[in-house]
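Trainee: Starting off with a structure, shown below.
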Amino acid sequence: MAEEKHAPASLDECSDSRALAEFIAAGQARLRDAFRASPSGRAHSLALTELFDAVIRRLFLLASREAEADVPPTGIEIAVLATGGYGRRELCPRSDIDVAFIAAGEEDPYLAAVVRRMFFLIMDVFTVHSDLKVGYAFRVLDDCPELDPQTRTALLDGRLIAGSEALARRFHAELLRTMRPAAFLYDRLAERERLRRKYGGSVHCTEPDLKECAGGLRDLHFMGWAARAQSSQPLDDPWAYLVAIGDIEPGERARAAEAHEFLLRVRHALHYARERRFDRLSRERQEAVAAALGYADGRALMTDYFAHAEWIHAGAVRVGERLRRRMLPLTDGLVVKEGEIDTADPSATWPDLASIVALFRHSQVYGLPLCADLGERILAVASDLPPEPSGGAAGRLFLEMLRDATGVEAVLRQMTRWGVLQRLVPEFGEALRLVPQALVHEYTIGEHSLRVVGFLEQARASAAPERAYAQAFSELQRLDLLFLAALLHDIGKRTEGVRHAEVGATEAHAVALRLGLDPEAAEMVAFLVRHHLLMSDTARLRDLTETQVIRDFTATVATAEQLNSLFLLTYADLRATGGGVWTPVQERFLEDLYYRAHHAITAPEPEEDLMVRVQRRRRRMQRELTLENLPPEAVQEHCNAMPPSYLLNTPAEVIAQHIRLVERVKVEGPVVEFLDSPGRDFTTLTLCTFDDPQPGLLSKIAAALYAHSVNVHAAQVFTREGQPGIAIDTLWVDRDGRRLRSFERAEIERDLKGVLSGQITVESLLQRRGKLPQADLSAADVRVHNDVSEARTVIEVRARDCSGLLYRLTHRLSTLGWDIHSARINTIGGDVRDAFYVTNHQGEKLVDDPAVIRARLLEP
């Protein structure tokens with residue numbers, strides 16, 4: 001018979017992790033039984049705290065002994081603090097155990113040995129053997145000035161568990177000394193507002209979160225933090241301080257203690273009911289918690305809950321409002337009142353531009369705007385200050401703002417409002433009031449540039465991890481250069497009759513050097529300005545499946561840093577322009593270009609014969625697609641019949657879809673499928689039909705879509721060899737900027753099949769739908785490129801948008817006997833810019849003189 005195990009009777013018997021874990025388990029079971037027999041709030045939290053305090057003291061003793069066996073003690077002071085809720089002695093049964101290791105210095109072998117052993121023991125005891133969550137941090141005194149608000153908040157509640165009491169006192173004093181009360185408190189106010197919105201925005205939620213909801217424990221914590229941050233001395237009783245400064249009435253101290261006791265009691269019961277950390281008092285648990293606490297039913301429990309939560313929330317709101325009305329010290333002679341920064345001395349002056357830029361830097365760091373009175377005083381003197389020297393302090397501070405990458409748009413707008421950005425960067429000042437010539441722009445050049453900065457910030461804050469923007473930001477090394485390029489990318493438009501990107505690059509380079517950037521960084525800014533249209537034009541007008549397109553693009557954009565920066569700048573520039581420039585399809589092709597170029601730059605494929613690559617890809621597709629429950633002979637036939645560009649650029653799942661469509665065509669005739677991608681406001685239309693020996697298939701498709709007012713953004717055309725051949729056309733479409741609805745799809749599919757099968761003519765369909773093409777091509781600007789694609793001629797057409805233009809163009813191209821292999825269609829602000837990849841009927845490039853091709857396309 002196995003020997004029965006017993007928990008150690010005292011901590012002195014515990015010398016290893018398993019024994020300590022058994023001691024914890026026994027203590028937890030004893031406290032759980034005591035709570036069930038006589039539920040309490042604060043007393044139960046204190047009992048849990050004492051249990052874990054004792055264990056951590058034991059761990060510290062064991063770690064110190066083991067360290068001394070290897071390293072002689074050096075006399076360095078060490079302290080172990082409980083932080084957060086553990087520091088407040090507010091533990092609940094499944095609360096996190098947060099501790100901080102405080103040391104008087106860092107480079108000490110004995111300290112390193114103790115910290116390392118303590119860490120392993122804590123993880124082993126609490127995480128491996130006890131299934132508790134532990135937060136562990138290491139801090140030194142010198143860390144205090146740089147602590148972020150969340151970390152400072154947790155340490156503000158710090159409490160000594162083991163080690164040097166003198167060091168713990170010094171650390172707490174340094175924590176208070178380095179605190180910026182206004183910055184800390186306004187950050188807590190903002191965090192409280194964020195939590196309020198996240199957790200329902202009301203005290204009266206039917207399933208409240210006991211910790212985070214309005215009127216929950218976090219509101220009580222906020223009032224305690226408000227007291228500690230405003231006091232210049234450590235506080236044993238923050239509620240007494242709030243009474244002293246008039247934020248709460250004397251009698252409300254007892255009311256606060258009563259509410260605190262209630263919330264802790266309910267939270268204990270909830271943790272025990274769920275046997276894990278769970279703070280949402282769900283409907284299904286309200287009855288169980290009520291029974292555990294001696295209530296008649298859940299309704300009675302919730303009545304008491306709302307009474308306490310209402311009082312807590314009202315108190316937190318009152319403390320917050322009074323905070324805002326107070327003048328709180330910030331830094332360097334600055335104060336905050338009503339959430340705005342001002343100078344403590346109303347008559348303060350500034351000797352140079354750098355001292356004024358420093359005010360805006362403080363505004364950015366603390367997330368608080370300058371008050372209007374201070375702004376007016378700045379505006380009155382900024383223009384009279386001496387010029388800023390090249391590479392001076394003002395420029396360096398400004399670049400520091402851009403490197404921060406948080407609150408950049410907001411601080412730039414403040415600087416603009418009070419005339420400081422115009423003073424620092426006069427080129428921007430000129431652009432601010434300049435209306436661009438392109439009708440697509442909805443804002444002046446300067447305002448557009450500020451909006452570009454804003455869209456960059458939004459993308460950085462909200463990009464989903466799987467999106468290209470998140471990848472680009474994660475790899476980016478110099479955010480400051482990206483933001484500066486965003487601000488300056490269109491300054492070349494101040495000069496009429498020139499290529500604004502080239503002129504702007506020269507000017508941006510000079511501005512970057514003047515602000516204090518080194519020559520290499522200034523050249524990067526100039527590069528982004530010079531090429532800020534390249535990625536957009538390539539994504540909109542080029543077939544990204546063409547190897548030469550990617551090769552030409554990466555010949556210019558040759559490094560990952562250039563690509564990431566240019567991609568993000570292009571995205572934000574398009575988003576900020578207006579006039580329909582940014583579309584979901586444009587986003588899709590821009591991301592496609594980014595990924596293709598990124599692969600070409602970071603993982604270039606070795607140079608090898610095209611047919612070798614095709615054969616390898618063909619074998620791979622045959623292996624993968626056989627797993628898609630497709631007949632092996634159908635897979636082999638399809639892969640052998642499709643052109644190399646198709647095999648090298650089409651994903652396996654799309655090829656599988658095409659094979660199924662081909663099998664259907666053999667039985668049904670023309671087949672149409674619609675696909676929506678998650679998070680995209682466009683529809684991918686795939687059409688499969690027997691190929692017509694005469695050009696004109698895309699023209700017929702364009703006519704049917706035009707008849708239904710569907711916008712076509714791009715088309716990819718592939719022909720499967722055979723007798724007869726089979727055309728597989730993919731088009732990216734939308735209607736009024738949205739996906740096609742189900743009833744629209746049914747009507748479009750019917751008419752597409754009718755036109756392709758010859759049951760109805762294009763002319764009769766357009767007449768029935770009231771669509772009469774009025775497109776006049778005579779004024780179009782046509783450009784012919786034979787150097788963009790290895791196998792096809794690219795015809796670009798620029799014209800004013802008009803009814804039926806795409807149908808008219810594709811019809812004209814087919815009438816001339818030219819096959820269209822892919823198309824890119826762009827309509828921006830009433831202007832059309834389309835590109836068609838074509839060959840003659842022998843599958844070769846057009847060999848006529850470009851002027852002849854142009855004339856033939858435009859003739860009536």
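Going by the structure tokens order, chains are called A, B, ..., each with residues numbered from 1, while ligands are numbered from 1 in the order shown.
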List as a PyMOL selection string the protein and nucleic acid residues near Gln767 in chain A, meaning an atom at most 9 Å away when only C-alpha atoms are counted, but skip any in the same chain fewer than 5 places from it.
Mentor: chain A and resi 707+762+772
Trainee: If you keep N, CA and C atoms, can you produce a file of those selected residues as a PDB file, in the first residue's frame?
Mentor:
ATOM      1  N   ALA A 707     -23.431  46.666 -68.184  1.00  0.00           N
ATOM      2  CA  ALA A 707     -24.897  46.667 -68.217  1.00  0.00           C
ATOM      3  C   ALA A 707     -25.488  46.640 -66.818  1.00  0.00           C
ATOM      4  N   VAL A 762     -24.553  41.450 -77.154  1.00  0.00           N
ATOM      5  CA  VAL A 762     -24.129  42.571 -76.303  1.00  0.00           C
ATOM      6  C   VAL A 762     -25.044  43.763 -76.531  1.00  0.00           C
ATOM      7  N   LEU A 772     -26.152  52.924 -72.918  1.00  0.00           N
ATOM      8  CA  LEU A 772     -25.692  53.285 -74.249  1.00  0.00           C
ATOM      9  C   LEU A 772     -24.301  53.903 -74.133  1.00  0.00           C
TER      10      LEU A 772
END
Trainee: Show me, as a PyMOL selection string, the residues that have an atom within 9 Å of Leu46 in chain A when counting only C-alpha atoms, minus same-chain residues fewer than 5 positions from it.
Mentor: chain A and resi 41+51+89-91
Trainee: Taking all heavy atoms for each residue, export the selection above as a PDB file, in the first residue's frame.
Mentor:
ATOM      1  N   GLY A  41     -14.259  39.450   3.461  1.00  0.00           N
ATOM      2  CA  GLY A  41     -13.596  40.091   2.344  1.00  0.00           C
ATOM      3  C   GLY A  41     -12.158  40.414   2.650  1.00  0.00           C
ATOM      4  O   GLY A  41     -11.236  39.690   2.282  1.00  0.00           O
ATOM      5  N   LEU A  51      -0.201  33.963   3.735  1.00  0.00           N
ATOM      6  CA  LEU A  51       0.248  32.652   3.263  1.00  0.00           C
ATOM      7  C   LEU A  51       1.357  32.813   2.219  1.00  0.00           C
ATOM      8  O   LEU A  51       2.428  32.191   2.328  1.00  0.00           O
ATOM      9  CB  LEU A  51      -0.936  31.883   2.674  1.00  0.00           C
ATOM     10  CG  LEU A  51      -0.593  30.594   1.909  1.00  0.00           C
ATOM     11  CD1 LEU A  51      -0.004  29.555   2.857  1.00  0.00           C
ATOM     12  CD2 LEU A  51      -1.828  30.040   1.204  1.00  0.00           C
ATOM     13  N   ARG A  89      -2.410  44.000  -0.373  1.00  0.00           N
ATOM     14  CA  ARG A  89      -3.002  42.944   0.466  1.00  0.00           C
ATOM     15  C   ARG A  89      -4.458  42.700   0.062  1.00  0.00           C
ATOM     16  O   ARG A  89      -5.337  42.561   0.890  1.00  0.00           O
ATOM     17  CB  ARG A  89      -2.929  43.316   1.952  1.00  0.00           C
ATOM     18  CG  ARG A  89      -1.518  43.433   2.509  1.00  0.00           C
ATOM     19  CD  ARG A  89      -1.546  43.674   4.003  1.00  0.00           C
ATOM     20  NE  ARG A  89      -0.229  43.617   4.599  1.00  0.00           N
ATOM     21  CZ  ARG A  89       0.576  44.672   4.742  1.00  0.00           C
ATOM     22  NH1 ARG A  89       0.176  45.852   4.283  1.00  0.00           N
ATOM     23  NH2 ARG A  89       1.767  44.541   5.295  1.00  0.00           N
ATOM     24  N   GLU A  90      -4.657  42.598  -1.222  1.00  0.00           N
ATOM     25  CA  GLU A  90      -6.011  42.487  -1.762  1.00  0.00           C
ATOM     26  C   GLU A  90      -6.158  41.192  -2.561  1.00  0.00           C
ATOM     27  O   GLU A  90      -6.974  41.104  -3.484  1.00  0.00           O
ATOM     28  CB  GLU A  90      -6.270  43.689  -2.679  1.00  0.00           C
ATOM     29  CG  GLU A  90      -7.704  44.086  -2.872  1.00  0.00           C
ATOM     30  CD  GLU A  90      -7.836  45.337  -3.724  1.00  0.00           C
ATOM     31  OE1 GLU A  90      -7.658  45.256  -4.955  1.00  0.00           O
ATOM     32  OE2 GLU A  90      -8.104  46.401  -3.156  1.00  0.00           O
ATOM     33  N   LEU A  91      -5.370  40.185  -2.196  1.00  0.00           N
ATOM     34  CA  LEU A  91      -5.397  38.943  -2.947  1.00  0.00           C
ATOM     35  C   LEU A  91      -6.756  38.253  -2.857  1.00  0.00           C
ATOM     36  O   LEU A  91      -7.412  38.279  -1.822  1.00  0.00           O
ATOM     37  CB  LEU A  91      -4.331  37.977  -2.428  1.00  0.00           C
ATOM     38  CG  LEU A  91      -2.884  38.229  -2.857  1.00  0.00           C
ATOM     39  CD1 LEU A  91      -1.988  37.136  -2.308  1.00  0.00           C
ATOM     40  CD2 LEU A  91      -2.758  38.297  -4.373  1.00  0.00           C
TER      41      LEU A  91
END
Trainee: Using DSSP on the backbone coordinates, identify the residues of range 619-843 of chain A assigned to strand (DSSP E or B); present them as an MDAnalysis selection string.
Mentor: chainID A and resid 671:676 683:690 711:720 726:735 738 781:785 793:800 819:828 831:839
Trainee: Select, from A:Leu421, A:Leu765, A:Met401, A:Ala229, the residue with the minimum atom-to-atom distance to Ala173 in chain A, counting only C-alpha atoms.
Mentor: A:Ala229
Trainee: Report as a list in words all protein, DNA and RNA residues lying within 9 Å of range 430-439 of chain A, evaluated on only C-alpha atoms, omitting residues in the same chain fewer than 4 positions from it.
Mentor: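 With the cut-off at 9 Å, the set is Gln422, Pro426, Tyr443, Thr444, Ile445, Gly446, Glu447, His448, Ser449, Asp490, Ile491, Lys493, Arg494, Gly579, Gly829 and Gly830 of chain A.
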Trainee: With N, CA, C and O atoms retained, could you export that selection as a short mmCIF file (atom, residue, chain, number, x, y, z; two decimals), in the first residue's frame?
Mentor:
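Writing the result to out04.cif gives the following:
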data_model
loop_
_atom_site.label_atom_id
_atom_site.label_comp_id
_atom_site.auth_asym_id
_atom_site.auth_seq_id
_atom_site.Cartn_x
_atom_site.Cartn_y
_atom_site.Cartn_z
N GLN A 422 5.60 75.86 -39.08
CA GLN A 422 5.90 76.72 -40.24
C GLN A 422 7.22 77.45 -40.04
O GLN A 422 7.95 77.70 -41.01
N PRO A 426 9.85 75.99 -43.05
CA PRO A 426 9.11 76.96 -43.87
C PRO A 426 8.50 76.35 -45.13
O PRO A 426 7.46 76.81 -45.59
N TYR A 443 -7.84 68.30 -49.96
CA TYR A 443 -7.20 69.18 -48.97
C TYR A 443 -5.98 69.87 -49.59
O TYR A 443 -5.46 69.42 -50.62
N THR A 444 -5.54 70.92 -48.92
CA THR A 444 -4.31 71.57 -49.36
C THR A 444 -3.15 70.59 -49.19
O THR A 444 -3.26 69.57 -48.50
N ILE A 445 -2.02 70.94 -49.79
CA ILE A 445 -0.86 70.04 -49.74
C ILE A 445 -0.41 69.81 -48.30
O ILE A 445 -0.12 68.68 -47.89
N GLY A 446 -0.37 70.89 -47.52
CA GLY A 446 0.07 70.74 -46.13
C GLY A 446 -0.88 69.91 -45.30
O GLY A 446 -0.47 69.04 -44.53
N GLU A 447 -2.19 70.17 -45.43
CA GLU A 447 -3.18 69.40 -44.67
C GLU A 447 -3.15 67.93 -45.09
O GLU A 447 -3.24 67.03 -44.25
N HIS A 448 -3.02 67.69 -46.38
CA HIS A 448 -2.90 66.31 -46.86
C HIS A 448 -1.71 65.61 -46.20
O HIS A 448 -1.82 64.46 -45.77
N SER A 449 -0.59 66.31 -46.10
CA SER A 449 0.61 65.70 -45.51
C SER A 449 0.39 65.36 -44.04
O SER A 449 0.84 64.31 -43.57
N ASP A 490 5.13 65.91 -50.63
CA ASP A 490 4.52 66.69 -51.72
C ASP A 490 5.00 68.14 -51.78
O ASP A 490 4.41 68.96 -52.49
N ILE A 491 6.10 68.48 -51.07
CA ILE A 491 6.51 69.90 -51.07
C ILE A 491 6.99 70.35 -52.45
O ILE A 491 7.03 71.55 -52.74
N LYS A 493 5.37 70.20 -55.05
CA LYS A 493 4.23 70.78 -55.76
C LYS A 493 4.17 72.30 -55.62
O LYS A 493 3.35 72.95 -56.27
N ARG A 494 5.01 72.86 -54.77
CA ARG A 494 5.05 74.31 -54.64
C ARG A 494 5.60 74.95 -55.92
O ARG A 494 5.38 76.13 -56.16
N GLY A 579 -11.19 61.26 -52.94
CA GLY A 579 -11.58 61.16 -54.34
C GLY A 579 -11.61 59.75 -54.87
O GLY A 579 -11.48 59.52 -56.07
N GLY A 829 -11.08 60.35 -59.31
CA GLY A 829 -11.53 61.73 -59.43
C GLY A 829 -12.01 62.10 -60.82
O GLY A 829 -11.75 63.21 -61.29
N GLY A 830 -12.68 61.19 -61.51
CA GLY A 830 -13.18 61.50 -62.84
C GLY A 830 -12.21 61.22 -63.97
O GLY A 830 -12.55 61.38 -65.14
#
Trainee: Residues within 10 Å of Arg783 in chain A, please, as an MDAnalysis selection string. Count only C-alpha atoms; anything in the same chain fewer than 6 positions from it doesn't count.
Mentor: chainID A and resid 794:798 835 850:851 853:854
Trainee: Write the residues you've just listed into a file as a compact mmCIF listing (two decimals), in the first residue's frame, and include all heavy atoms for each of them.
Mentor:
# COMPACT_ATOMS: atom_id res chain seq x y z
N VAL A 794 2.42 46.66 -73.50
CA VAL A 794 1.54 47.30 -72.52
C VAL A 794 1.04 48.61 -73.12
O VAL A 794 1.83 49.47 -73.52
CB VAL A 794 2.27 47.57 -71.19
CG1 VAL A 794 1.36 48.31 -70.22
CG2 VAL A 794 2.74 46.25 -70.58
N ILE A 795 -0.28 48.72 -73.19
CA ILE A 795 -0.91 49.94 -73.70
C ILE A 795 -1.58 50.65 -72.52
O ILE A 795 -2.48 50.09 -71.88
CB ILE A 795 -1.94 49.62 -74.79
CG1 ILE A 795 -1.26 48.95 -75.99
CG2 ILE A 795 -2.66 50.88 -75.23
CD1 ILE A 795 -2.23 48.53 -77.08
N GLU A 796 -1.13 51.85 -72.23
CA GLU A 796 -1.75 52.67 -71.18
C GLU A 796 -2.66 53.71 -71.82
O GLU A 796 -2.27 54.35 -72.81
CB GLU A 796 -0.68 53.38 -70.33
CG GLU A 796 0.05 52.49 -69.37
CD GLU A 796 0.94 53.29 -68.43
OE1 GLU A 796 0.55 54.43 -68.07
OE2 GLU A 796 2.03 52.79 -68.09
N VAL A 797 -3.84 53.84 -71.23
CA VAL A 797 -4.81 54.81 -71.75
C VAL A 797 -5.23 55.73 -70.60
O VAL A 797 -5.64 55.26 -69.54
CB VAL A 797 -6.06 54.10 -72.32
CG1 VAL A 797 -7.05 55.13 -72.84
CG2 VAL A 797 -5.66 53.13 -73.42
N ARG A 798 -5.10 57.03 -70.86
CA ARG A 798 -5.55 58.04 -69.89
C ARG A 798 -6.64 58.86 -70.56
O ARG A 798 -6.47 59.36 -71.66
CB ARG A 798 -4.41 58.94 -69.46
CG ARG A 798 -3.22 58.18 -68.91
CD ARG A 798 -2.16 59.12 -68.37
NE ARG A 798 -0.96 58.41 -68.01
CZ ARG A 798 -0.02 58.89 -67.21
NH1 ARG A 798 -0.15 60.10 -66.68
NH2 ARG A 798 1.06 58.18 -66.92
N ALA A 835 -4.45 50.11 -68.04
CA ALA A 835 -3.31 49.47 -68.69
C ALA A 835 -3.73 48.09 -69.18
O ALA A 835 -4.37 47.33 -68.44
CB ALA A 835 -2.13 49.36 -67.73
N PRO A 850 4.78 52.85 -82.17
CA PRO A 850 3.81 53.29 -81.16
C PRO A 850 2.82 54.32 -81.68
O PRO A 850 1.64 54.29 -81.29
CB PRO A 850 4.69 53.87 -80.05
CG PRO A 850 5.98 53.11 -80.16
CD PRO A 850 6.16 52.88 -81.62
N ALA A 851 3.27 55.21 -82.58
CA ALA A 851 2.36 56.22 -83.11
C ALA A 851 1.27 55.56 -83.95
O ALA A 851 0.09 55.97 -83.93
CB ALA A 851 3.12 57.24 -83.95
N ILE A 853 0.15 52.40 -83.56
CA ILE A 853 -0.72 51.68 -82.61
C ILE A 853 -1.70 52.67 -81.98
O ILE A 853 -2.90 52.40 -81.87
CB ILE A 853 0.12 50.98 -81.54
CG1 ILE A 853 0.98 49.88 -82.18
CG2 ILE A 853 -0.76 50.42 -80.43
CD1 ILE A 853 1.96 49.24 -81.22
N ARG A 854 -1.17 53.83 -81.60
CA ARG A 854 -2.00 54.85 -80.97
C ARG A 854 -3.10 55.31 -81.93
O ARG A 854 -4.28 55.41 -81.56
CB ARG A 854 -1.12 56.02 -80.53
CG ARG A 854 -1.84 57.08 -79.72
CD ARG A 854 -0.89 58.21 -79.33
NE ARG A 854 0.30 57.70 -78.64
CZ ARG A 854 1.53 57.72 -79.14
NH1 ARG A 854 1.73 58.22 -80.37
NH2 ARG A 854 2.54 57.26 -78.46
Trainee: What lies within 10 Å of range 715-728 of chain A using only C-alpha atoms, ignoring chain neighbours under 3 positions off, as a PyMOL selection string?
Mentor: chain A and resi 543+545+637-643+645-646+658+661-662+665-666+670-671+684-693+697-698+702+712+731-733+819-825+836-837
Trainee: Using C-alpha atoms, can you write the selected residues to a file as a PDB file, in the first residue's frame?
Mentor:
ATOM      1  CA  ASP A 543       0.600  42.886 -63.981  1.00  0.00           C
ATOM      2  CA  THR A 545       2.514  38.152 -62.048  1.00  0.00           C
ATOM      3  CA  GLU A 637      -3.834  17.672 -67.827  1.00  0.00           C
ATOM      4  CA  HIS A 638      -4.464  21.140 -66.379  1.00  0.00           C
ATOM      5  CA  CYS A 639      -0.877  21.749 -65.287  1.00  0.00           C
ATOM      6  CA  ASN A 640       0.462  20.665 -68.675  1.00  0.00           C
ATOM      7  CA  ALA A 641      -2.004  22.853 -70.579  1.00  0.00           C
ATOM      8  CA  MET A 642      -1.524  26.130 -68.672  1.00  0.00           C
ATOM      9  CA  PRO A 643       1.171  28.721 -69.503  1.00  0.00           C
ATOM     10  CA  SER A 645       3.162  32.479 -65.833  1.00  0.00           C
ATOM     11  CA  TYR A 646       0.000  30.807 -64.549  1.00  0.00           C
ATOM     12  CA  HIS A 658      -9.995  26.338 -61.751  1.00  0.00           C
ATOM     13  CA  LEU A 661     -14.523  24.902 -63.101  1.00  0.00           C
ATOM     14  CA  VAL A 662     -12.949  23.326 -66.197  1.00  0.00           C
ATOM     15  CA  VAL A 665     -17.478  23.717 -68.371  1.00  0.00           C
ATOM     16  CA  LYS A 666     -17.124  20.445 -70.227  1.00  0.00           C
ATOM     17  CA  PRO A 670     -19.876  28.787 -69.405  1.00  0.00           C
ATOM     18  CA  VAL A 671     -19.441  28.791 -65.589  1.00  0.00           C
ATOM     19  CA  THR A 684     -13.578  38.238 -57.158  1.00  0.00           C
ATOM     20  CA  LEU A 685     -15.425  36.992 -60.227  1.00  0.00           C
ATOM     21  CA  THR A 686     -14.047  33.947 -62.028  1.00  0.00           C
ATOM     22  CA  LEU A 687     -15.435  32.973 -65.421  1.00  0.00           C
ATOM     23  CA  CYS A 688     -14.580  29.797 -67.262  1.00  0.00           C
ATOM     24  CA  THR A 689     -15.718  29.093 -70.821  1.00  0.00           C
ATOM     25  CA  PHE A 690     -14.609  27.571 -74.100  1.00  0.00           C
ATOM     26  CA  ASP A 691     -12.233  29.983 -75.801  1.00  0.00           C
ATOM     27  CA  ASP A 692     -13.348  31.862 -78.881  1.00  0.00           C
ATOM     28  CA  PRO A 693     -10.662  31.805 -81.590  1.00  0.00           C
ATOM     29  CA  LEU A 697     -14.012  37.585 -74.721  1.00  0.00           C
ATOM     30  CA  LEU A 698     -12.993  40.284 -72.217  1.00  0.00           C
ATOM     31  CA  ALA A 702     -16.960  44.098 -69.784  1.00  0.00           C
ATOM     32  CA  VAL A 712     -14.110  46.461 -62.892  1.00  0.00           C
ATOM     33  CA  LEU A 731     -11.928  39.971 -62.489  1.00  0.00           C
ATOM     34  CA  TRP A 732     -11.899  42.055 -59.330  1.00  0.00           C
ATOM     35  CA  VAL A 733     -15.163  43.995 -59.173  1.00  0.00           C
ATOM     36  CA  ASP A 819      -5.591  39.532 -77.406  1.00  0.00           C
ATOM     37  CA  ILE A 820      -5.857  41.028 -73.899  1.00  0.00           C
ATOM     38  CA  HIS A 821      -3.998  38.963 -71.307  1.00  0.00           C
ATOM     39  CA  SER A 822      -4.478  41.214 -68.298  1.00  0.00           C
ATOM     40  CA  ALA A 823      -5.856  44.636 -67.521  1.00  0.00           C
ATOM     41  CA  ARG A 824      -5.655  47.188 -64.746  1.00  0.00           C
ATOM     42  CA  ILE A 825      -8.510  49.686 -64.532  1.00  0.00           C
ATOM     43  CA  PHE A 836      -3.736  46.494 -71.025  1.00  0.00           C
ATOM     44  CA  TYR A 837      -1.214  43.704 -71.607  1.00  0.00           C
TER      45      TYR A 837
END
Trainee: Among range 751-782 of chain A, which residues does DSSP mark as helix (DSSP H, G or I) when it is run on the backbone? Keep the chain and numbering as in the structure and answer as a list of chain:residue names.
Mentor: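 Filtering range 751-782 of chain A down to helix (DSSP H, G or I) leaves A:Asp751, A:Leu752, A:Lys753, A:Gly754, A:Val755, A:Leu756, A:Ser757, A:Val762, A:Glu763, A:Ser764, A:Leu765, A:Leu766, A:Gln767, A:Arg768.
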Trainee: Could you list, as an NGL selection string, every residue within 12 Å of Phe101 in chain A, counting only C-alpha atoms and ignoring same-chain residues fewer than 4 positions away?
Mentor: :A and (56 or 60 or 77-83 or 105-106 or 111-112 or 114-116 or 118-119 or 122 or 135-141 or 155 or 158-164 or 167-168 or 171)
